[in-house]
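**Q** Below you'll find the structure I mean.
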Amino acid sequence: MVYIVGLLAVVFLVLTIVVLSRIATLAKGVDGNKRDNENPYEKRAAGTSNRINAVLMLAFPILGTIAAVWSFMESRPKFLPEAASEHGILTDNMFWISMAVITIAFVVTNALLFYFAYRYRYKPGRNAVFYPVNHKLEIIWTVIPAVVMAVLVFTGWRVWRDITAQAPDNSYVIEVVGKQFNWVTRYAGADDSKLGNYNFKLIDETNELGIDYADQAAFDDFTSNQLHIPKGVPVLLKIRAKDVLHSVFIPHLRVKMDAVPGMPTKFWFVATKTTEEMRNETGNPDFNYQLNCTEVCGQGHFSMKMPIVIEEEEEYKAWVASQKPFLTSNPTYLSRVPENLKARAMKYIESAASDSTSVATGGATATGTSLK
Ligand SMILES: [Cu+2]
């Protein structure tokens with residue numbers, strides 16, 4: 001890299017010297033109030049540089065095109081990976097259609113621009129045509145781009161409207177909370193499909209998400225350091241941050257949404273490929289989806305990633321059923337449950353007591369895909 005910059009510096013230095021010496025030569029010719037065409041030296045110089053510039057006008061776009069194509073091919077492996085969500089396919093299509101339209105317009109207009117500069121270079125005795133106005137031409141080159149732009153904007157707006165619409169009622173709701181420097185997820189639990197309330201005032205060392213046990217929907221909620229996503233059904237991510245700005249980015253799912261302290265955000269989507277399917281497709285048995293933080297949030301930002309398992313809906317349900325509610329693992333929070341709900345909450349404590357010999361602790365997966 002340093003060598004390339006050094007080389008470029010030398011090239012630009014040489015060019016600067018050449019240009020300065022050219023200016024000095026031309027300035028000499030202008031001296032003495034002589035008209036340009038009366039100076040034979042100037043005339044000869046203008047003729048040579050005129051030819052060189054004309055050829056360069058052809059060479060530049062050709063070399064530029066070769067460089068652009070090379071750069072495109074070279075960067076291909078760094079493009080986003082294959083989309084594995086329904087809306088991801090739509091946004092990818094839109095991106096490539098927009099790119100195609102822009103590239104065609106760019107190539108045609110610039111090819112003409114450079115070709116005309118070459119074709120109509122200075123020739124002794126040739127005068128420019130005075131072409132004051134052509135309404136038809138003006139209308140054509142205003143209306144066509146306007147229509148194309150309007151179609152692109154309108155289709156983009158429709159896709160954006162669908163992506164940001166209310167999540168369907170049958171969505172699986174999963175909470176994703178960013179903090180320096182990892183992610184914690186919370187699931188609605190096996191007994192209801194509702195996430196319980198939370199309150200930042202209830203956050204303590206153990207209850208790091210501030211789960212509010214005054215809400216009975218919270219009783220069966222469990223937390224995890226993995227993100228499990230069922231395939232083929234809508235999933236709503238409820239996103240928040242505990243400390244500073246973070247941002248949820250799941251490249252394969254084309255999911256990207258900031259996690260903002262004090263301002264919950266959300267993103268819903270439908271995943272189309274399980275981890276297993278993606279492993280087969282990529283031929284990589286160790287493949288895992290990943291959630292990355294894409295907002296520089298402090299020294300440990302680089303390590304803010306969370307593995308994701310995308311699995312069939314039944315496998316997902318089995319995994320959810322195999323997880324222990326937070327209340328079961330932390331029975332002391334029973335004291336936060338209002339008297340009238342205590343009996344309901346006790347179920348989670350009692351089932352823990354009776355299961356304690358059989359239930360394995362931790363985030364082991366009961367069935368389906370495991371993380372490698
Ligand atoms: Cu972060």
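We label chains A, B, ... in the order they appear in the structure tokens, count residues from 1 in each chain, and number ligands from 1 in the order shown.
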Which residues are near ligand 1 in this structure, taking near to mean any atom at most 8 Å from a ligand atom and counting only C-alpha atoms and all ligand atoms? Format them as a VMD selection string.
**A** chain A and resid 178 to 182 244 to 247 293 to 298 300 to 302 304
**Q** Quick one: residues within 7 Å of Ile229 in chain A, only C-alpha atoms counted, chain neighbours fewer than 6 positions away excluded, as a ChimeraX atom specification?
**A** /A:309-311,316
**Q** If we count only C-alpha atoms, what is near range 71-85 of chain A at a cut-off of 7 Å, once residues fewer than 4 positions away on the same chain are taken out, given as a ChimeraX atom specification?
**A** /A:67,89,251-254,269-273
**Q** Keeping only N, CA and C atoms, write the selected residues to a file as a PDB file, in the first residue's frame.
**A**
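Saved result, result_33.pdb, follows:
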```
ATOM      1  N   ALA A  67     -10.356  -0.901 -15.491  1.00  0.00           N
ATOM      2  CA  ALA A  67     -10.083  -0.824 -14.051  1.00  0.00           C
ATOM      3  C   ALA A  67     -11.361  -1.068 -13.249  1.00  0.00           C
ATOM      4  N   ILE A  89     -34.375 -10.819  -0.494  1.00  0.00           N
ATOM      5  CA  ILE A  89     -34.353 -11.082  -1.933  1.00  0.00           C
ATOM      6  C   ILE A  89     -34.900  -9.861  -2.683  1.00  0.00           C
ATOM      7  N   PRO A 251     -26.195 -10.026   8.368  1.00  0.00           N
ATOM      8  CA  PRO A 251     -25.987  -9.834   6.920  1.00  0.00           C
ATOM      9  C   PRO A 251     -26.815 -10.777   6.052  1.00  0.00           C
ATOM     10  N   HIS A 252     -26.856 -12.073   6.397  1.00  0.00           N
ATOM     11  CA  HIS A 252     -27.576 -13.030   5.558  1.00  0.00           C
ATOM     12  C   HIS A 252     -29.069 -12.722   5.497  1.00  0.00           C
ATOM     13  N   LEU A 253     -29.602 -12.170   6.584  1.00  0.00           N
ATOM     14  CA  LEU A 253     -31.042 -11.910   6.631  1.00  0.00           C
ATOM     15  C   LEU A 253     -31.364 -10.493   6.163  1.00  0.00           C
ATOM     16  N   ARG A 254     -30.342  -9.726   5.844  1.00  0.00           N
ATOM     17  CA  ARG A 254     -30.532  -8.313   5.454  1.00  0.00           C
ATOM     18  C   ARG A 254     -31.318  -7.568   6.533  1.00  0.00           C
ATOM     19  N   PHE A 269     -39.098 -10.060   9.968  1.00  0.00           N
ATOM     20  CA  PHE A 269     -38.626 -10.686   8.734  1.00  0.00           C
ATOM     21  C   PHE A 269     -39.048 -12.146   8.729  1.00  0.00           C
ATOM     22  N   VAL A 270     -38.856 -12.780   7.577  1.00  0.00           N
ATOM     23  CA  VAL A 270     -39.107 -14.224   7.464  1.00  0.00           C
ATOM     24  C   VAL A 270     -37.827 -14.862   6.924  1.00  0.00           C
ATOM     25  N   ALA A 271     -37.216 -15.724   7.718  1.00  0.00           N
ATOM     26  CA  ALA A 271     -35.995 -16.405   7.261  1.00  0.00           C
ATOM     27  C   ALA A 271     -36.386 -17.516   6.280  1.00  0.00           C
ATOM     28  N   THR A 272     -35.549 -17.734   5.267  1.00  0.00           N
ATOM     29  CA  THR A 272     -35.920 -18.714   4.239  1.00  0.00           C
ATOM     30  C   THR A 272     -35.004 -19.941   4.197  1.00  0.00           C
ATOM     31  N   LYS A 273     -33.910 -19.893   4.944  1.00  0.00           N
ATOM     32  CA  LYS A 273     -33.001 -21.047   4.900  1.00  0.00           C
ATOM     33  C   LYS A 273     -32.501 -21.377   6.291  1.00  0.00           C
TER      34      LYS A 273
END
```
**Q** Which is closer to Asp215 in chain A than all the others in A:Ile203, A:Leu13, A:Ala321, A:Leu334, using only C-alpha atoms?
**A** A:Leu334
**Q** Neighbouring residues of range 144-150 of chain A were defined as those with any atom within 10 Å, considering only C-alpha atoms; residues of the same chain fewer than 6 positions away were excluded. Please report them as a list in words.
**A** Ser98, Val101, Ala105 and Gly156 of chain A
**Q** Convert the current residue selection to file output with N, CA and C atoms, as an mmCIF file, in the first residue's frame.
**A**
```
data_model
loop_
_atom_site.group_PDB
_atom_site.id
_atom_site.type_symbol
_atom_site.label_atom_id
_atom_site.label_comp_id
_atom_site.auth_asym_id
_atom_site.auth_seq_id
_atom_site.Cartn_x
_atom_site.Cartn_y
_atom_site.Cartn_z
ATOM 1 N N SER A 98 -31.289 -1.112 -9.716
ATOM 2 C CA SER A 98 -30.828 0.280 -9.666
ATOM 3 C C SER A 98 -29.408 0.389 -10.215
ATOM 4 N N VAL A 101 -29.468 0.169 -14.045
ATOM 5 C CA VAL A 101 -29.953 1.401 -14.676
ATOM 6 C C VAL A 101 -28.863 2.484 -14.619
ATOM 7 N N ALA A 105 -26.831 4.167 -17.857
ATOM 8 C CA ALA A 105 -26.864 5.621 -18.084
ATOM 9 C C ALA A 105 -25.449 6.198 -18.022
ATOM 10 N N GLY A 156 -39.082 1.281 -4.678
ATOM 11 C CA GLY A 156 -38.321 1.310 -3.425
ATOM 12 C C GLY A 156 -39.218 1.651 -2.249
#
```
**Q** Quick check, in Å to one decimal: how far apart do CA of Trp157 in chain A and CA of Trp96 in chain A lie?
**A**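 Taking CA of Trp157 in chain A as the start and CA of Trp96 in chain A as the end point, the length is 16.0 Å.
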**Q** Could you please write out, as a ChimeraX atom specification, every residue of range 17-224 of chain A that DSSP assigns to helix (DSSP H, G or I)?
**A** /A:17-33,36-38,40-78,86-119,135-163,200-202,216-218
**Q** Which residue, A:Lys324, A:Gln166, A:Gly262, A:Pro285, has the smallest gap to Phe222 in chain A when you use only C-alpha atoms?
**A** A:Lys324
**Q** Of the candidates A:Gln290, A:Ser171, A:Gln216, A:Thr206, which shows the shortest atom-to-atom distance to Trp268 in chain A, using only C-alpha atoms?
**A** A:Ser171
**Q** Asp212 in chain A: which residues within 7 Å, counting only C-alpha atoms, same-chain residues fewer than 4 positions away excluded, as number ranges by chain?
**A** A: 196-199, 202, 218
**Q** With distances taken over only C-alpha atoms, which of A:Phe219, A:Phe287, A:Tyr213, A:Tyr115 is nearest to Ile349 in chain A?
**A**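 So, comparing all the options, the nearest one is A:Phe219.
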**Q** Of the candidates A:Pro325, A:Gly6, A:Pro132, A:Gly64, which one gets nearest to Ile211 in chain A if we count only C-alpha atoms?
**A** A:Pro325
